[in-house]
Amino acid sequence: MTPARPPGAGNVTVHLVGVGPGPVDLLTVRATRLITRCGTCLHESGAIAPEVLALCPATARVVGTSGVSPAEVMGEVRGAHARGDRVVLLLPGDPSQHPAADEVTRALDAEGSSWDLVPGLPATPGADPAPVTPPDPDPASAASRAPAPAPAPAPTERPTPAPMPSAAPGRILVLGGTGEADRLADLMVTAGLDVVTSLAGKVARPRLPRGEVWIGDVGGPEGLASWLRANDVSAVIDATHPFATDVSDVARRAAREVGTPLLRVLRPPWEPRDGDEWIRVADTAAAARCVRERFRRPMLTVGRRGAVAFSGDTRGSYLIRCAEPPTGPLPHRYLLMLDRGPFGVDSERTIMARHRIDVLVARNSGGESTAATLQAARELRIPVVMVDRPGATPGTDTVTSVDDAALWLVRRFGSR
């Protein structure tokens with residue numbers, strides 16, 4: 001890792017991005033990536049589709065430049081320079097042919113700011129026309145540059161697919177430690193994307209996903225935000241455990257500070273089925289109170305930190321199963337079983353019967369890894385104290401599967 005560039009250090013590169021012709025989903029991957037990661041967006045008012053402007057981060061400064069003098073435009077660039085922002089100037093059509101491009105680039109050269117041109121992807125047969133028509137002072141010239149209309153396909157033919165973008169988004173950070181994170185990393189590495197999976201380092205021998213792996217503390221919101229800037233991260237995908245609320249909060253705050261798109265992959269929770277006897281509680285403290293009052297031989301599957309809540313019980317005989325040894329005080333009488341799913345129904349039923357378990361304590365994590373444990377409890381008619389999930393974070397894009405996460409990436413950066 002390298003330290004993030006402080007605001008105002010070095011020249012801000014200004015990207016003159018062409019956003020047409022064609023609908024927003026025909027933007028090149030590079031154009032989409034620059035827009036979704038910009039700090040300041042300058043655009044020709046009324047000539048850029050709202051769908052394009054909607055790609056800008058919520059924290060970006062978005063300024064319309066119609067009727068604004070070149071000096072004022074350069075003032076915005078200098079302000080972005082002082083903030084350390086990445087600047088995009090959105091131009092309809094091909095930026096190399098736009099009448100404002102020469103004037104802007106000459107002013108940038110005079111300021112000593114670097115710049116580049118990012119052409120748009122031409123419309124393809126079967127694509128809808130662009131919703132916004134760029135103004136042009138010379139109608140004849142505009143007509144000569146307009147693409148010829150494509151013939152409609154025959155009823156029995158499929159439209160010619162758009163070409164796959166040749167560019168790729170920048171680095172993508174996956175906050176992992178779950179099966180969903182591993183499958184997502186495998187999918188993106190196979191697609192040739194630059195993926196880094198972050199593991200908290202709390203498991204001594206973690207299962208390593210494909211691609212680059214970062215093991216250790218991210219350093220809180222400030223440390224993660226600095227890493228996102230320094231490593232030019234295009235998107236963050238939080239695929240951590242549903243109960244890993246601390247990590248999710250750090251990711252949300254860091255992504256908001258940097259303006260990096262954030263996606264939460266949150267598997268669906270379990271729902272009670274016929275034959276289940278669930279006692280739903282809000283947290284592990286409430287679960288511990290319920291167990292002390294009503295049961296004597298509980299089986300705990302609440303993670304190594306969750307077992308601490310039961311440490312005050314001096315009467316029960318506990319079976320505690322964790323992937324790693326728990327930290328902190330534990331109940332007076334317990335048997336520790338170190339194991340990691342997925343588990344089988346037969347083995348789970350045997351364990352519960354052998355240890356005469358009278359209640360299962362579980363967190364509503366969802367997924368298939370420990371679903372067999374719930375089935376074994378159902379078959380043995382053992383009640384389950386189920387700890388409800390923490391509330392979802394409002395304002396965060398959330399999907400429930402790896403497939404939906406892949407679709408989110410395609411919508412933002414194009415397919416490969």
# chains A, B, ... in the order shown; residues from 1 in each chain; ligands from 1

call {"tool": "residues_around", "arguments": {"residues": "A:Leu34", "least_positions_apart": "3", "cutoff": "8 Å", "atoms": "only C-alpha atoms", "output": "VMD selection string"}}
result
chain A and resid 15 30 to 31 37 to 38 88

call {"tool": "write_last_selection", "arguments": {"atoms": "C-alpha atoms", "output": "PDB file, in the first residue's frame"}}
result
ATOM      1  CA  HIS A  15     -10.744  14.006 -18.486  1.00  0.00           C
ATOM      2  CA  ARG A  30     -13.306   3.796 -19.134  1.00  0.00           C
ATOM      3  CA  ALA A  31     -15.833   6.634 -19.449  1.00  0.00           C
ATOM      4  CA  ARG A  37     -15.120   8.010  -9.462  1.00  0.00           C
ATOM      5  CA  CYS A  38     -14.961  11.732 -10.131  1.00  0.00           C
ATOM      6  CA  VAL A  88     -14.413  15.026 -15.685  1.00  0.00           C
TER       7      VAL A  88
END

call {"tool": "atom_distance", "arguments": {"atom1": "atom CA of A:Val387", "atom2": "atom CA of A:Phe310"}}
result
13.6 Å

call {"tool": "closest_atom_pairs", "arguments": {"of": "stretch 259-290 of chain A", "to": "stretch 389-401 of chain A", "cutoff": "9 Å", "atoms": "only C-alpha atoms", "output": "tab-separated table"}}
result
residue	atom	partner	partner_atom	distance
A:Pro261	CA	A:Asp397	CA	8.8
A:Leu262	CA	A:Asp397	CA	6.8
A:Leu263	CA	A:Asp397	CA	5.1
A:Arg264	CA	A:Thr398	CA	4.6
A:Val265	CA	A:Val399	CA	5.1
A:Leu266	CA	A:Thr400	CA	4.9
A:Arg267	CA	A:Thr400	CA	4.7
A:Pro268	CA	A:Thr400	CA	6.1
A:Pro269	CA	A:Arg389	CA	8.1
A:Ala282	CA	A:Arg389	CA	7.7
A:Asp283	CA	A:Arg389	CA	8.1

call {"tool": "write_last_selection", "arguments": {"atoms": "N, CA and C atoms", "output": "PDB file, in the first residue's frame"}}
result
ATOM      1  N   PRO A 261     -18.279   3.902  -5.309  1.00  0.00           N
ATOM      2  CA  PRO A 261     -19.518   3.112  -5.255  1.00  0.00           C
ATOM      3  C   PRO A 261     -19.375   1.927  -4.300  1.00  0.00           C
ATOM      4  N   LEU A 262     -20.427   1.692  -3.507  1.00  0.00           N
ATOM      5  CA  LEU A 262     -20.420   0.613  -2.514  1.00  0.00           C
ATOM      6  C   LEU A 262     -21.632  -0.275  -2.724  1.00  0.00           C
ATOM      7  N   LEU A 263     -21.390  -1.580  -2.719  1.00  0.00           N
ATOM      8  CA  LEU A 263     -22.466  -2.564  -2.820  1.00  0.00           C
ATOM      9  C   LEU A 263     -22.383  -3.497  -1.622  1.00  0.00           C
ATOM     10  N   ARG A 264     -23.540  -3.782  -1.004  1.00  0.00           N
ATOM     11  CA  ARG A 264     -23.617  -4.753   0.082  1.00  0.00           C
ATOM     12  C   ARG A 264     -24.245  -6.037  -0.452  1.00  0.00           C
ATOM     13  N   VAL A 265     -23.533  -7.146  -0.312  1.00  0.00           N
ATOM     14  CA  VAL A 265     -24.066  -8.459  -0.669  1.00  0.00           C
ATOM     15  C   VAL A 265     -24.530  -9.118   0.623  1.00  0.00           C
ATOM     16  N   LEU A 266     -25.836  -9.250   0.785  1.00  0.00           N
ATOM     17  CA  LEU A 266     -26.415  -9.714   2.039  1.00  0.00           C
ATOM     18  C   LEU A 266     -27.351 -10.883   1.735  1.00  0.00           C
ATOM     19  N   ARG A 267     -26.900 -12.079   2.064  1.00  0.00           N
ATOM     20  CA  ARG A 267     -27.713 -13.266   1.769  1.00  0.00           C
ATOM     21  C   ARG A 267     -29.047 -13.216   2.526  1.00  0.00           C
ATOM     22  N   PRO A 268     -30.108 -13.807   1.976  1.00  0.00           N
ATOM     23  CA  PRO A 268     -31.412 -13.770   2.651  1.00  0.00           C
ATOM     24  C   PRO A 268     -31.362 -14.482   3.997  1.00  0.00           C
ATOM     25  N   PRO A 269     -32.123 -14.001   4.981  1.00  0.00           N
ATOM     26  CA  PRO A 269     -32.161 -14.691   6.282  1.00  0.00           C
ATOM     27  C   PRO A 269     -32.972 -15.971   6.200  1.00  0.00           C
ATOM     28  N   ALA A 282     -33.525 -10.376  20.223  1.00  0.00           N
ATOM     29  CA  ALA A 282     -32.917  -9.257  19.508  1.00  0.00           C
ATOM     30  C   ALA A 282     -31.408  -9.361  19.418  1.00  0.00           C
ATOM     31  N   ASP A 283     -30.752  -9.970  20.412  1.00  0.00           N
ATOM     32  CA  ASP A 283     -29.288 -10.021  20.437  1.00  0.00           C
ATOM     33  C   ASP A 283     -28.836 -11.185  21.301  1.00  0.00           C
TER      34      ASP A 283
END

call {"tool": "residues_around", "arguments": {"residues": "A:Leu336", "least_positions_apart": "6", "cutoff": "10 Å", "atoms": "only C-alpha atoms", "output": "list of chain:residue names"}}
result
A:Leu300, A:Tyr318, A:Leu319, A:Ile320, A:Arg321, A:Cys322, A:Pro325, A:Pro326

call {"tool": "write_last_selection", "arguments": {"atoms": "all heavy atoms", "output": "tab-separated table (two decimals), in the first residue's frame"}}
result
chain	number	residue	atom	x	y	z
A	300	LEU	N	-24.27	-23.84	21.36
A	300	LEU	CA	-24.06	-22.48	20.87
A	300	LEU	C	-23.39	-22.51	19.50
A	300	LEU	O	-22.34	-23.13	19.33
A	300	LEU	CB	-23.18	-21.67	21.83
A	300	LEU	CG	-23.65	-21.51	23.27
A	300	LEU	CD1	-22.71	-20.55	24.01
A	300	LEU	CD2	-25.09	-21.00	23.33
A	318	TYR	N	-22.70	-26.52	28.45
A	318	TYR	CA	-22.74	-25.99	27.09
A	318	TYR	C	-21.88	-26.80	26.13
A	318	TYR	O	-20.79	-27.25	26.49
A	318	TYR	CB	-22.23	-24.55	27.07
A	318	TYR	CG	-23.19	-23.53	27.64
A	318	TYR	CD1	-23.42	-23.43	29.01
A	318	TYR	CD2	-23.87	-22.65	26.81
A	318	TYR	CE1	-24.30	-22.50	29.53
A	318	TYR	CE2	-24.75	-21.71	27.31
A	318	TYR	CZ	-24.96	-21.65	28.67
A	318	TYR	OH	-25.83	-20.72	29.18
A	319	LEU	N	-22.38	-26.94	24.90
A	319	LEU	CA	-21.57	-27.38	23.77
A	319	LEU	C	-21.37	-26.14	22.89
A	319	LEU	O	-22.33	-25.59	22.35
A	319	LEU	CB	-22.28	-28.48	22.98
A	319	LEU	CG	-21.56	-28.95	21.71
A	319	LEU	CD1	-20.20	-29.57	22.04
A	319	LEU	CD2	-22.42	-29.94	20.93
A	320	ILE	N	-20.11	-25.69	22.79
A	320	ILE	CA	-19.80	-24.46	22.04
A	320	ILE	C	-19.04	-24.85	20.78
A	320	ILE	O	-17.96	-25.45	20.87
A	320	ILE	CB	-18.95	-23.50	22.89
A	320	ILE	CG1	-19.68	-23.16	24.19
A	320	ILE	CG2	-18.65	-22.22	22.11
A	320	ILE	CD1	-18.85	-22.31	25.16
A	321	ARG	N	-19.60	-24.52	19.64
A	321	ARG	CA	-18.91	-24.82	18.39
A	321	ARG	C	-18.54	-23.51	17.68
A	321	ARG	O	-19.39	-22.65	17.44
A	321	ARG	CB	-19.77	-25.67	17.45
A	321	ARG	CG	-18.99	-26.05	16.18
A	321	ARG	CD	-19.71	-27.09	15.38
A	321	ARG	NE	-20.95	-26.58	14.83
A	321	ARG	CZ	-21.90	-27.36	14.32
A	321	ARG	NH1	-21.76	-28.67	14.32
A	321	ARG	NH2	-23.00	-26.83	13.82
A	322	CYS	N	-17.24	-23.38	17.37
A	322	CYS	CA	-16.72	-22.21	16.68
A	322	CYS	C	-15.68	-22.66	15.67
A	322	CYS	O	-15.12	-23.75	15.77
A	322	CYS	CB	-16.04	-21.23	17.66
A	322	CYS	SG	-17.04	-20.71	19.05
A	325	PRO	N	-10.93	-20.64	18.38
A	325	PRO	CA	-11.15	-20.59	19.82
A	325	PRO	C	-11.74	-19.26	20.25
A	325	PRO	O	-11.30	-18.20	19.79
A	325	PRO	CB	-9.73	-20.77	20.41
A	325	PRO	CG	-8.97	-21.46	19.33
A	325	PRO	CD	-9.52	-20.96	18.04
A	326	PRO	N	-12.78	-19.27	21.08
A	326	PRO	CA	-13.38	-18.02	21.52
A	326	PRO	C	-12.45	-17.24	22.43
A	326	PRO	O	-11.56	-17.80	23.08
A	326	PRO	CB	-14.64	-18.48	22.26
A	326	PRO	CG	-14.36	-19.88	22.67
A	326	PRO	CD	-13.45	-20.45	21.63

call {"tool": "residues_around", "arguments": {"residues": "A:Val218", "least_positions_apart": "5", "cutoff": "10 Å", "atoms": "only C-alpha atoms", "output": "list in words"}}
result
Ser198, Leu199, Ala200, Gly223, Leu224, Ala225, Ser226, Trp227, Val247, Val250 and Ala251 of chain A

call {"tool": "residues_around", "arguments": {"residues": "stretch 167-179 of chain A", "least_positions_apart": "5", "cutoff": "9 Å", "atoms": "only C-alpha atoms", "output": "number ranges by chain"}}
result
A: 28-30, 32-33, 184-185, 192-200, 206-209, 228, 231-241, 247-248, 251, 369, 413-414, 416

call {"tool": "residues_around", "arguments": {"residues": "A:Val291", "least_positions_apart": "2", "cutoff": "9 Å", "atoms": "only C-alpha atoms", "output": "PyMOL selection string"}}
result
chain A and resi 286-289+293-298+310+313+316+359+361+385

call {"tool": "residues_around", "arguments": {"residues": "stretch 16-19 of chain A", "least_positions_apart": "2", "cutoff": "7 Å", "atoms": "only C-alpha atoms", "output": "VMD selection string"}}
result
chain A and resid 14 21 27 31 88 to 95 116 to 120

call {"tool": "atom_distance", "arguments": {"atom1": "atom CA of A:Thr59", "atom2": "atom CA of A:Val104"}}
result
24.5 Å

call {"tool": "select_by_dssp", "arguments": {"residues": "stretch 301-393 of chain A", "states": "helix (DSSP H, G or I)", "output": "short mmCIF file (atom, residue, chain, number, x, y, z; two decimals) with N, CA, C and O atoms, in the first residue's frame"}}
result
data_model
loop_
_atom_site.label_atom_id
_atom_site.label_comp_id
_atom_site.auth_asym_id
_atom_site.auth_seq_id
_atom_site.Cartn_x
_atom_site.Cartn_y
_atom_site.Cartn_z
N GLY A 303 -20.68 -17.92 16.99
CA GLY A 303 -19.38 -17.33 16.76
C GLY A 303 -18.56 -17.22 18.04
O GLY A 303 -19.08 -17.34 19.15
N ARG A 304 -17.27 -17.01 17.86
CA ARG A 304 -16.39 -17.03 19.04
C ARG A 304 -16.61 -15.83 19.94
O ARG A 304 -16.40 -15.92 21.16
N ARG A 305 -17.04 -14.71 19.43
CA ARG A 305 -17.29 -13.56 20.29
C ARG A 305 -18.67 -13.64 20.95
O ARG A 305 -18.87 -13.11 22.04
N GLY A 306 -19.62 -14.32 20.30
CA GLY A 306 -20.96 -14.41 20.87
C GLY A 306 -21.03 -15.26 22.12
O GLY A 306 -21.91 -15.07 22.96
N ALA A 307 -20.11 -16.21 22.26
CA ALA A 307 -20.15 -17.11 23.42
C ALA A 307 -19.91 -16.38 24.73
O ALA A 307 -20.33 -16.85 25.79
N VAL A 308 -19.27 -15.23 24.67
CA VAL A 308 -18.95 -14.48 25.89
C VAL A 308 -20.21 -14.08 26.62
O VAL A 308 -20.24 -13.99 27.88
N ALA A 309 -21.30 -13.83 25.92
CA ALA A 309 -22.53 -13.38 26.56
C ALA A 309 -23.10 -14.42 27.52
O ALA A 309 -23.90 -14.09 28.40
N PHE A 310 -22.69 -15.68 27.42
CA PHE A 310 -23.22 -16.76 28.24
C PHE A 310 -22.30 -17.07 29.43
O PHE A 310 -22.53 -18.05 30.15
N VAL A 345 -26.55 -33.19 7.83
CA VAL A 345 -27.70 -33.37 8.73
C VAL A 345 -27.47 -34.57 9.65
O VAL A 345 -27.73 -34.49 10.86
N ASP A 346 -26.96 -35.67 9.11
CA ASP A 346 -26.77 -36.87 9.94
C ASP A 346 -25.78 -36.60 11.07
O ASP A 346 -26.04 -36.99 12.22
N SER A 347 -24.65 -35.98 10.75
CA SER A 347 -23.66 -35.71 11.80
C SER A 347 -24.20 -34.72 12.83
O SER A 347 -23.94 -34.87 14.03
N GLU A 348 -24.95 -33.73 12.39
CA GLU A 348 -25.52 -32.76 13.33
C GLU A 348 -26.54 -33.43 14.25
O GLU A 348 -26.58 -33.16 15.46
N ARG A 349 -27.35 -34.32 13.69
CA ARG A 349 -28.34 -35.03 14.51
C ARG A 349 -27.64 -35.92 15.54
O ARG A 349 -28.06 -35.99 16.71
N THR A 350 -26.56 -36.56 15.12
CA THR A 350 -25.81 -37.43 16.05
C THR A 350 -25.20 -36.62 17.19
O THR A 350 -25.26 -37.03 18.37
N ILE A 351 -24.61 -35.46 16.85
CA ILE A 351 -23.99 -34.62 17.89
C ILE A 351 -25.02 -34.15 18.90
O ILE A 351 -24.81 -34.22 20.13
N MET A 352 -26.17 -33.69 18.41
CA MET A 352 -27.19 -33.17 19.33
C MET A 352 -27.75 -34.27 20.22
O MET A 352 -27.98 -34.06 21.42
N ALA A 353 -27.94 -35.48 19.65
CA ALA A 353 -28.48 -36.58 20.46
C ALA A 353 -27.45 -37.05 21.48
O ALA A 353 -27.78 -37.31 22.65
N ARG A 354 -26.17 -37.16 21.06
CA ARG A 354 -25.13 -37.66 21.95
C ARG A 354 -24.93 -36.74 23.14
O ARG A 354 -24.68 -37.20 24.27
N ALA A 371 -27.26 -24.62 7.50
CA ALA A 371 -28.68 -24.94 7.39
C ALA A 371 -28.96 -26.35 7.90
O ALA A 371 -30.05 -26.62 8.42
N ALA A 372 -27.98 -27.26 7.75
CA ALA A 372 -28.18 -28.64 8.23
C ALA A 372 -28.38 -28.69 9.74
O ALA A 372 -29.09 -29.57 10.25
N THR A 373 -27.77 -27.76 10.46
CA THR A 373 -27.93 -27.72 11.92
C THR A 373 -29.38 -27.43 12.29
O THR A 373 -29.94 -28.04 13.20
N LEU A 374 -29.99 -26.50 11.57
CA LEU A 374 -31.40 -26.18 11.82
C LEU A 374 -32.29 -27.37 11.46
O LEU A 374 -33.27 -27.65 12.17
N GLN A 375 -31.97 -28.07 10.39
CA GLN A 375 -32.78 -29.22 10.00
C GLN A 375 -32.69 -30.33 11.05
O GLN A 375 -33.69 -30.97 11.39
N ALA A 376 -31.49 -30.56 11.59
CA ALA A 376 -31.33 -31.58 12.62
C ALA A 376 -32.14 -31.22 13.87
O ALA A 376 -32.80 -32.08 14.47
N ALA A 377 -32.11 -29.95 14.25
CA ALA A 377 -32.91 -29.51 15.40
C ALA A 377 -34.40 -29.70 15.13
O ALA A 377 -35.16 -30.10 16.02
N ARG A 378 -34.83 -29.44 13.90
CA ARG A 378 -36.24 -29.61 13.54
C ARG A 378 -36.64 -31.08 13.66
O ARG A 378 -37.71 -31.40 14.21
N GLU A 379 -35.80 -31.96 13.16
CA GLU A 379 -36.13 -33.38 13.20
C GLU A 379 -36.14 -33.93 14.62
O GLU A 379 -36.91 -34.84 14.94
#

call {"tool": "select_by_dssp", "arguments": {"residues": "stretch 216-346 of chain A", "states": "strand (DSSP E or B)", "output": "ChimeraX atom specification"}}
result
/A:233-238,262-265,278-281,298-301,317-322,333-338

call {"tool": "closest_residue", "arguments": {"among": "A:Glu277, A:Glu111, A:Glu180, A:Asp186", "to": "A:Leu380", "atoms": "only C-alpha atoms"}}
result
A:Glu277

call {"tool": "closest_residue", "arguments": {"among": "A:Gly366, A:Pro342, A:Gly312, A:Gly39", "to": "A:Val87", "atoms": "only C-alpha atoms"}}
result
A:Gly39

call {"tool": "atom_distance", "arguments": {"atom1": "atom CA of A:Leu360", "atom2": "atom CA of A:Ile382"}}
result
7.0 Å

call {"tool": "closest_residue", "arguments": {"among": "A:Pro50, A:Gly344, A:Pro242, A:Pro272", "to": "A:Ser365", "atoms": "only C-alpha atoms"}}
result
A:Pro242

call {"tool": "closest_residue", "arguments": {"among": "A:Arg315, A:Ala323, A:Ala254, A:Leu55", "to": "A:Leu338", "atoms": "only C-alpha atoms"}}
result
A:Ala323
